[in-house]
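Participant: Following this line is input_6.cif, made up of mmCIF, C-alpha atoms and all ligand atoms:
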```cif
data_model
loop_
_atom_site.label_atom_id
_atom_site.label_comp_id
_atom_site.auth_asym_id
_atom_site.auth_seq_id
_atom_site.Cartn_x
_atom_site.Cartn_y
_atom_site.Cartn_z
CA MET A 153 2.65 -23.54 11.52
CA ALA A 154 3.10 -22.33 7.96
CA VAL A 155 6.36 -20.65 7.11
CA THR A 156 5.86 -17.18 5.66
CA THR A 157 7.44 -16.53 2.31
CA ARG A 158 5.95 -13.10 1.90
CA THR A 159 8.47 -10.50 0.78
CA PRO A 160 7.98 -7.37 2.91
CA LEU A 161 6.76 -4.30 1.07
CA LEU A 162 7.74 -0.78 2.12
CA ALA A 163 5.57 1.60 0.16
CA GLY A 164 5.64 5.39 0.08
CA ASN A 165 2.32 7.10 -0.62
CA TRP A 166 3.36 10.59 -1.66
CA LYS A 167 -0.23 11.84 -1.81
CA MET A 168 -0.34 15.28 -3.55
CA ASN A 169 3.35 16.07 -3.07
CA LEU A 170 6.39 16.33 -5.39
CA ASP A 171 6.02 17.29 -9.05
CA HIS A 172 7.62 15.27 -11.84
CA LEU A 173 10.99 17.02 -11.59
CA GLN A 174 11.11 16.60 -7.84
CA SER A 175 10.10 12.96 -8.21
CA ILE A 176 13.01 12.26 -10.55
CA ALA A 177 15.50 13.79 -8.12
CA PHE A 178 13.95 11.89 -5.22
CA VAL A 179 13.98 8.49 -6.94
CA GLN A 180 17.60 8.95 -8.04
CA LYS A 181 18.73 9.88 -4.56
CA LEU A 182 16.70 7.08 -2.97
CA ALA A 183 18.26 4.50 -5.29
CA TRP A 184 21.79 5.79 -4.54
CA SER A 185 21.16 5.93 -0.83
CA LEU A 186 19.82 2.36 -0.68
CA LYS A 187 22.58 1.07 -2.93
CA ASP A 188 25.21 2.73 -0.73
CA ALA A 189 23.66 1.01 2.27
CA ASN A 190 23.73 -2.35 0.42
CA HIS A 191 19.98 -2.66 0.67
CA ASP A 192 18.77 -6.19 -0.11
CA PHE A 193 16.05 -5.36 -2.63
CA ASP A 194 15.04 -9.03 -2.90
CA GLY A 195 14.59 -9.21 0.86
CA ALA A 196 12.38 -6.12 1.07
CA GLU A 197 10.53 -4.58 -1.83
CA VAL A 198 10.47 -0.80 -2.13
CA ALA A 199 7.60 0.96 -3.89
CA ILE A 200 6.55 4.55 -4.40
CA PHE A 201 3.16 6.00 -5.27
CA PRO A 202 3.66 9.42 -6.86
CA PRO A 203 0.94 11.70 -8.27
CA PHE A 204 -0.34 10.76 -11.74
CA THR A 205 1.63 13.54 -13.44
CA ASP A 206 4.93 12.06 -12.20
CA LEU A 207 4.35 8.51 -13.38
CA ARG A 208 5.78 8.82 -16.89
CA SER A 209 8.97 10.46 -15.59
CA VAL A 210 9.35 7.87 -12.84
CA GLN A 211 8.77 5.04 -15.32
CA THR A 212 11.36 6.40 -17.73
CA LEU A 213 13.99 6.84 -15.04
CA ILE A 214 13.42 3.46 -13.39
CA SER A 215 13.43 1.64 -16.70
CA ALA A 216 16.45 3.48 -18.18
CA ASP A 217 18.60 3.05 -15.05
CA LYS A 218 17.13 -0.38 -14.19
CA LEU A 219 16.41 0.74 -10.64
CA PRO A 220 15.00 -1.93 -8.34
CA ILE A 221 12.16 0.33 -7.22
CA HIS A 222 8.51 -0.50 -7.88
CA PHE A 223 5.81 2.06 -8.42
CA GLY A 224 2.10 2.52 -8.68
CA ALA A 225 -0.69 5.07 -8.80
CA GLN A 226 -2.77 6.50 -5.98
CA ASP A 227 -6.15 5.82 -7.58
CA VAL A 228 -7.77 4.29 -10.66
CA SER A 229 -11.07 4.75 -12.44
CA ALA A 230 -13.69 2.04 -12.20
CA HIS A 231 -14.20 2.57 -15.95
CA ASP A 232 -12.02 1.50 -18.88
CA SER A 233 -12.48 4.58 -21.09
CA GLY A 234 -15.07 7.15 -22.11
CA ALA A 235 -16.68 10.36 -20.92
CA TYR A 236 -15.24 10.45 -17.39
CA THR A 237 -13.50 13.80 -17.19
CA GLY A 238 -10.53 13.77 -14.87
CA GLU A 239 -10.41 10.01 -14.40
CA ILE A 240 -7.53 7.68 -15.21
CA SER A 241 -8.05 4.22 -16.68
CA GLY A 242 -6.28 1.15 -15.35
CA ALA A 243 -5.27 0.46 -18.95
CA PHE A 244 -3.30 3.74 -19.00
CA LEU A 245 -1.56 2.88 -15.74
CA LYS A 246 -0.65 -0.55 -17.04
CA ALA A 247 0.77 1.07 -20.18
CA LEU A 248 3.06 3.11 -17.90
CA ASP A 249 4.32 -0.11 -16.25
CA CYS A 250 2.56 0.64 -12.98
CA GLN A 251 2.55 -2.51 -10.91
CA TYR A 252 0.31 -1.33 -8.10
CA VAL A 253 -2.58 1.00 -7.47
CA ILE A 254 -3.81 2.25 -4.10
CA ILE A 255 -7.57 1.85 -3.77
CA GLY A 256 -9.89 3.04 -1.02
CA HIS A 257 -7.45 5.24 0.84
CA SER A 258 -9.31 6.95 3.69
CA GLU A 259 -8.62 10.35 2.10
CA ARG A 260 -10.50 9.21 -1.01
CA ARG A 261 -13.26 7.68 1.07
CA THR A 262 -13.78 10.89 3.05
CA LEU A 263 -12.78 13.67 0.62
CA HIS A 264 -14.24 12.08 -2.51
CA ASN A 265 -17.13 10.14 -0.99
CA GLU A 266 -15.83 6.79 -2.15
CA THR A 267 -18.17 4.13 -0.82
CA ASP A 268 -17.39 0.46 -0.30
CA GLU A 269 -19.17 -0.22 -3.60
CA VAL A 270 -16.95 2.24 -5.48
CA VAL A 271 -13.89 0.70 -3.87
CA ASN A 272 -15.06 -2.73 -5.02
CA THR A 273 -15.57 -1.60 -8.64
CA LYS A 274 -12.08 -0.07 -8.62
CA VAL A 275 -10.56 -3.27 -7.24
CA LEU A 276 -12.24 -5.22 -10.05
CA ALA A 277 -10.98 -2.67 -12.60
CA ALA A 278 -7.41 -2.91 -11.28
CA LEU A 279 -7.41 -6.70 -11.44
CA LYS A 280 -8.90 -6.62 -14.94
CA HIS A 281 -5.99 -4.48 -16.12
CA GLY A 282 -3.31 -6.56 -14.42
CA LEU A 283 -2.59 -4.09 -11.62
CA VAL A 284 -2.12 -5.19 -8.02
CA PRO A 285 -4.63 -3.29 -5.89
CA VAL A 286 -3.36 -2.02 -2.55
CA ILE A 287 -6.68 -2.10 -0.75
CA CYS A 288 -6.82 0.34 2.16
CA VAL A 289 -9.07 -0.31 5.12
CA GLY A 290 -9.23 1.27 8.54
CA GLU A 291 -11.50 2.49 11.30
CA THR A 292 -12.06 5.99 12.63
CA ALA A 293 -11.56 6.82 16.31
CA GLU A 294 -15.34 6.72 16.67
CA ASP A 295 -15.57 3.27 15.01
CA LEU A 296 -12.86 2.05 17.34
CA GLU A 297 -14.81 3.15 20.38
CA LYS A 298 -18.11 1.80 19.10
CA HIS A 299 -17.13 -1.43 17.36
CA GLY A 300 -13.63 -2.32 18.55
CA PRO A 301 -10.55 -2.50 16.32
CA SER A 302 -11.31 -5.12 13.65
CA ALA A 303 -15.00 -4.85 12.77
CA VAL A 304 -14.83 -1.94 10.32
CA PRO A 305 -11.58 -2.94 8.55
CA VAL A 306 -12.88 -6.50 8.11
CA ALA A 307 -16.24 -5.27 6.76
CA GLN A 308 -14.44 -2.89 4.37
CA LEU A 309 -12.21 -5.71 3.12
CA LYS A 310 -15.18 -8.01 2.54
CA ALA A 311 -16.94 -5.26 0.56
CA ALA A 312 -13.81 -4.45 -1.45
CA LEU A 313 -13.44 -8.09 -2.45
CA ALA A 314 -17.06 -8.73 -3.51
CA SER A 315 -17.05 -10.83 -6.73
CA VAL A 316 -13.26 -11.28 -6.51
CA THR A 317 -12.29 -14.93 -6.90
CA GLY A 318 -9.32 -17.09 -7.74
CA ALA A 319 -5.60 -16.76 -7.19
CA VAL A 320 -5.54 -12.96 -7.16
CA ASP A 321 -2.48 -10.85 -6.44
CA ILE A 322 -3.52 -8.16 -3.96
CA VAL A 323 -2.08 -6.18 -1.06
CA VAL A 324 -4.10 -5.05 1.95
CA ALA A 325 -3.13 -1.95 3.93
CA TYR A 326 -4.54 -1.51 7.42
CA GLU A 327 -4.55 2.23 8.01
CA PRO A 328 -6.49 3.34 11.09
CA VAL A 329 -7.89 6.75 10.18
CA TRP A 330 -6.97 8.13 13.61
CA ALA A 331 -3.32 7.24 13.02
CA ILE A 332 -2.94 8.84 9.58
CA GLY A 333 -0.95 12.05 9.71
CA SER A 334 -1.63 12.37 13.44
CA GLY A 335 1.78 11.35 14.76
CA GLN A 336 -0.10 8.82 16.88
CA ALA A 337 0.65 5.42 15.34
CA ALA A 338 -1.13 2.26 16.40
CA THR A 339 0.95 0.01 18.62
CA PRO A 340 2.53 -3.00 16.91
CA GLU A 341 0.17 -5.20 18.95
CA GLN A 342 -2.88 -3.29 17.70
CA ALA A 343 -1.64 -3.53 14.10
CA GLU A 344 -0.96 -7.25 14.49
CA GLN A 345 -4.39 -7.92 15.96
CA VAL A 346 -6.19 -6.32 13.01
CA ALA A 347 -3.75 -7.72 10.42
CA ALA A 348 -4.38 -11.22 11.77
CA GLN A 349 -8.14 -10.70 11.48
CA LEU A 350 -7.74 -9.40 7.94
CA ARG A 351 -5.80 -12.54 7.08
CA VAL A 352 -8.59 -14.70 8.53
CA THR A 353 -10.99 -12.79 6.29
CA LEU A 354 -8.76 -13.37 3.27
CA ARG A 355 -8.71 -17.07 4.11
CA GLU A 356 -12.52 -17.20 4.27
CA LEU A 357 -12.98 -15.29 1.04
CA LEU A 358 -10.09 -16.42 -1.15
CA GLY A 359 -8.67 -19.57 0.47
CA ASP A 360 -5.47 -20.52 2.27
CA GLU A 361 -3.04 -19.96 -0.55
CA VAL A 362 -4.07 -16.39 -1.32
CA ALA A 363 -4.30 -15.58 2.39
CA GLU A 364 -0.75 -16.84 2.96
CA ALA A 365 0.64 -15.01 -0.06
CA THR A 366 -1.07 -11.64 0.48
CA ARG A 367 0.97 -8.89 2.11
CA VAL A 368 -0.88 -7.02 4.85
CA LEU A 369 0.71 -3.64 5.52
CA TYR A 370 0.30 -1.25 8.41
CA GLY A 371 -0.01 2.48 7.70
CA GLY A 372 -0.44 5.54 9.91
CA SER A 373 2.38 7.70 11.32
CA VAL A 374 5.09 5.15 10.46
CA LYS A 375 8.55 6.61 11.08
CA SER A 376 12.11 5.27 11.24
CA GLY A 377 11.70 5.25 15.02
CA ASN A 378 8.71 2.90 15.12
CA ILE A 379 9.04 0.68 12.00
CA ALA A 380 11.00 -2.06 13.79
CA GLY A 381 8.10 -2.83 16.13
CA PHE A 382 5.67 -3.31 13.25
CA MET A 383 8.08 -5.44 11.24
CA ARG A 384 8.45 -7.87 14.14
CA GLU A 385 4.77 -8.81 14.02
CA PRO A 386 4.05 -12.04 12.13
CA ASN A 387 1.02 -10.76 10.19
CA VAL A 388 2.41 -7.32 9.33
CA ASP A 389 4.33 -7.59 6.07
CA GLY A 390 5.48 -4.02 5.67
CA ALA A 391 4.16 -0.50 5.76
CA LEU A 392 2.36 2.15 3.75
CA ILE A 393 4.12 5.36 4.62
CA GLY A 394 2.80 8.87 4.04
CA GLY A 395 4.62 11.90 5.47
CA ALA A 396 7.86 10.06 6.23
CA SER A 397 8.12 8.82 2.63
CA LEU A 398 8.71 12.41 1.50
CA ASP A 399 11.86 12.72 3.59
CA LEU A 400 14.63 10.87 1.82
CA ASN A 401 16.63 9.95 4.91
CA GLU A 402 13.57 8.92 6.86
CA PHE A 403 12.20 6.80 4.03
CA ALA A 404 15.57 5.17 3.36
CA SER A 405 15.92 4.34 7.08
CA ILE A 406 12.43 2.84 7.19
CA VAL A 407 13.08 0.75 4.09
CA ARG A 408 16.26 -0.66 5.56
CA PHE A 409 14.41 -2.35 8.42
CA GLN A 410 14.15 -5.77 6.96
CA LYS A 411 12.04 -8.58 8.11
CA HIS A 412 13.53 -12.00 7.85
CA VAL A 413 11.67 -13.99 5.21
CA GLY A 414 11.27 -17.72 5.69
CA THR A 415 11.12 -17.83 9.49
O1 LIG B 501 -2.02 7.66 4.73
C1 LIG B 501 -0.95 7.14 4.91
C2 LIG B 501 -0.33 6.30 3.87
O2 LIG B 501 -1.23 5.97 2.88
C3 LIG B 501 -0.19 7.34 6.16
O3 LIG B 501 0.16 8.67 6.25
P1 LIG B 501 1.21 9.13 7.39
O4 LIG B 501 2.36 8.16 7.32
O5 LIG B 501 1.57 10.53 7.01
O6 LIG B 501 0.48 9.02 8.69
#
```
If you convert what's in this file into structure tokens, what do you get?
Ligand SMILES: O=C(CO)COP(=O)(O)O
Facilitator:
Amino acid sequence: MAVTTRTPLLAGNWKMNLDHLQSIAFVQKLAWSLKDANHDFDGAEVAIFPPFTDLRSVQTLISADKLPIHFGAQDVSAHDSGAYTGEISGAFLKALDCQYVIIGHSERRTLHNETDEVVNTKVLAALKHGLVPVICVGETAEDLEKHGPSAVPVAQLKAALASVTGAVDIVVAYEPVWAIGSGQAATPEQAEQVAAQLRVTLRELLGDEVAEATRVLYGGSVKSGNIAGFMREPNVDGALIGGASLDLNEFASIVRFQKHVGT
């Protein structure tokens, strides 16, 4: 059996919370808190996804103080530039040192009618601009009842990766829609089952090497009280955390649950 060398990723999706001043205070306190706790930043990567208007402030702080915290945006335009009022180009995000961008979050799929095709064009745009897409997939409660746990997430991943080839750097986040913000997280076994299927899909589409290297995260009502269970699962390489990432102590506690790499 292959040994995993994937570095776990604990990522906070702030959604539409915290302005740029609040984000600066939060990132400073988070860095102090993790440093105080001797967090092994090489053993578990920490990333935050603030609103667009915070990114410049976060970039400046992280770069000036050399904080070992990664960051990304919550969305990206499928287009490079032009008459697209309100949209943000991947080139602009790259210029702000964003490493990641969340694509296809269920809130964008439902509130902004993002189809699988739109998600795919955004994934291609992210890769073109050197950003790592965090591709979100997940089934609704109705899908779960009708099609079982893996069918919809696997189909969404296949659609998101249309025309994607080669040794790409991507992250996949399995976020069951019924678990987001509901307080009702999936069980670690449920998350593992779907994560394993997503990895099989990655293997089919992009080959063994990419499938082995790609982090598959679980997201949906992750808290400090349930993170350990998810981190024990072999195919779950971290978490995408919403509500709990806005609470400094909660987020710091979640981040500190490290998975042993290389076993
Ligand atoms: O949507 C999520 C992260 O992207 C999960 O949100 P909650 O952790 O608030 O359930």
Participant: Show me which residues are within 7 Å of ligand LIG 501 (chain B) counting only C-alpha atoms and all ligand atoms, and format the list as a list of chain:residue names.
Facilitator: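 Within the 7 Å cut-off, the matching residues are A:Asn165, A:His257, A:Glu327, A:Ala331, A:Ile332, A:Gly333, A:Ser334, A:Gly335, A:Gly371, A:Gly372, A:Ser373, A:Val374, A:Leu392, A:Ile393, A:Gly394, A:Gly395, A:Ala396.
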Participant: Suppose you want the space between atom CA of Asp321 of chain A and atom CA of Arg158 of chain A; what is it in Å?
Facilitator: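 A separation of 12.1 Å between them.
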Participant: Quick one: residues within 12 Å of (9.8, -0.6, 18.8) (file frame), counting all atoms listed in the file, please, as a list in words.
Facilitator: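 Residues with an atom close enough to that point: Ala337, Ala338, Thr339, Pro340, Glu341, Val374, Lys375, Ser376, Gly377, Asn378, Ile379, Ala380, Gly381, Phe382, Met383, Arg384, Glu385 and Phe409 of chain A.
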Participant: Point out the residue among A:Val329, A:Ala363, A:Leu296, A:Ile200 with the least atom-to-atom distance to Leu182 of chain A, counting only C-alpha atoms.
Facilitator: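 For Leu182 of chain A, the nearest of the candidates is A:Ile200.
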Participant: Which of these residues is nearest to Ala404 of chain A, using only C-alpha atoms: A:Ile287, A:Ala189, A:Leu170, A:Ala314?
Facilitator: A:Ala189
Participant: From the set A:Val346, A:Cys288, A:Ala243, A:Cys250, which residue has the shortest atom-to-atom contact distance to Val210 of chain A, counting only C-alpha atoms?
Facilitator: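 Looking only at the distances to Val210 of chain A, the closest residue turns out to be A:Cys250.
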Participant: Using only C-alpha atoms, which of A:Lys298, A:Gln226, A:Ala391, A:Arg260 sits nearest Glu197 of chain A?
Facilitator: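 When distances to Glu197 of chain A are compared using only C-alpha atoms, the smallest one comes from A:Ala391.
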Participant: Write out, as CSV, each residue of segment 300-384 of chain A that has an atom at most 9 Å from segment 265-278 of chain A, together with the closest pair of atoms and their distance in Å to one decimal, counting all atoms listed in the file, rows going by chain and rising number.
Facilitator:
```
residue,atom,partner,partner_atom,distance
A:Gln308,CA,A:Asp268,CA,6.5
A:Leu309,CA,A:Asp268,CA,8.8
A:Ala311,CA,A:Asp268,CA,5.8
A:Ala312,CA,A:Asn272,CA,4.2
A:Leu313,CA,A:Asn272,CA,6.2
A:Ala314,CA,A:Asn272,CA,6.5
A:Ser315,CA,A:Leu276,CA,8.1
A:Val316,CA,A:Leu276,CA,7.1
```
Participant: When you draw a straight line from atom CA of Asp217 of chain A to atom CA of Ala163 of chain A, how long is it in Å?
Facilitator: 20.1 Å
Participant: Rounded to one decimal place, report the atom CA of Gly300 of chain A-atom CA of Glu344 of chain A distance in Å.
Facilitator: 14.2 Å
Participant: Extending 5 Å beyond the listed atoms of segment 184-192 of chain A on each side, what axis-aligned box results? I want centre and edge lengths in Å to one decimal, as lines of an AutoDock Vina configuration file.
Facilitator:
```
center_x = 22.0
center_y = -0.1
center_z = -1.1
size_x = 16.4
size_y = 22.1
size_z = 16.8
```
Participant: When you count only C-alpha atoms, which of these residues is closest to Gly390 of chain A: A:Val306, A:Asp249, A:Val198, A:Val179?
Facilitator: A:Val198
Participant: Contacts of Val362 of chain A at 9 Å or less, counting all atoms listed in the file, minus same-chain residues fewer than 3 places along, as a count of residues only?
Facilitator: 11
Participant: Excluding Gln180 of chain A and any residue of its chain fewer than 5 positions from it, enumerate the residues within 12 Å of it, using only C-alpha atoms, and give them as a PyMOL selection string.
Facilitator: chain A and resi 173-175+185-187+209-210+212-214+216-221+400
Participant: From the list A:Val323, A:Ala230, A:Val352, A:Val304, which residue is nearest Leu162 of chain A when using only C-alpha atoms?
Facilitator: A:Val323
Participant: Which residues are close to Tyr252 of chain A, i.e. within 9 Å by all atoms listed in the file, leaving aside same-chain residues fewer than 5 positions away? Reply as a list in words.
Facilitator: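 My reading of the contact set: Ala199, Phe201, His222, Phe223, Gly224, Ala225, Gln226, Leu245, Ala278, Gly282, Leu283, Val284, Pro285, Val286, Ile322 and Val323 of chain A.
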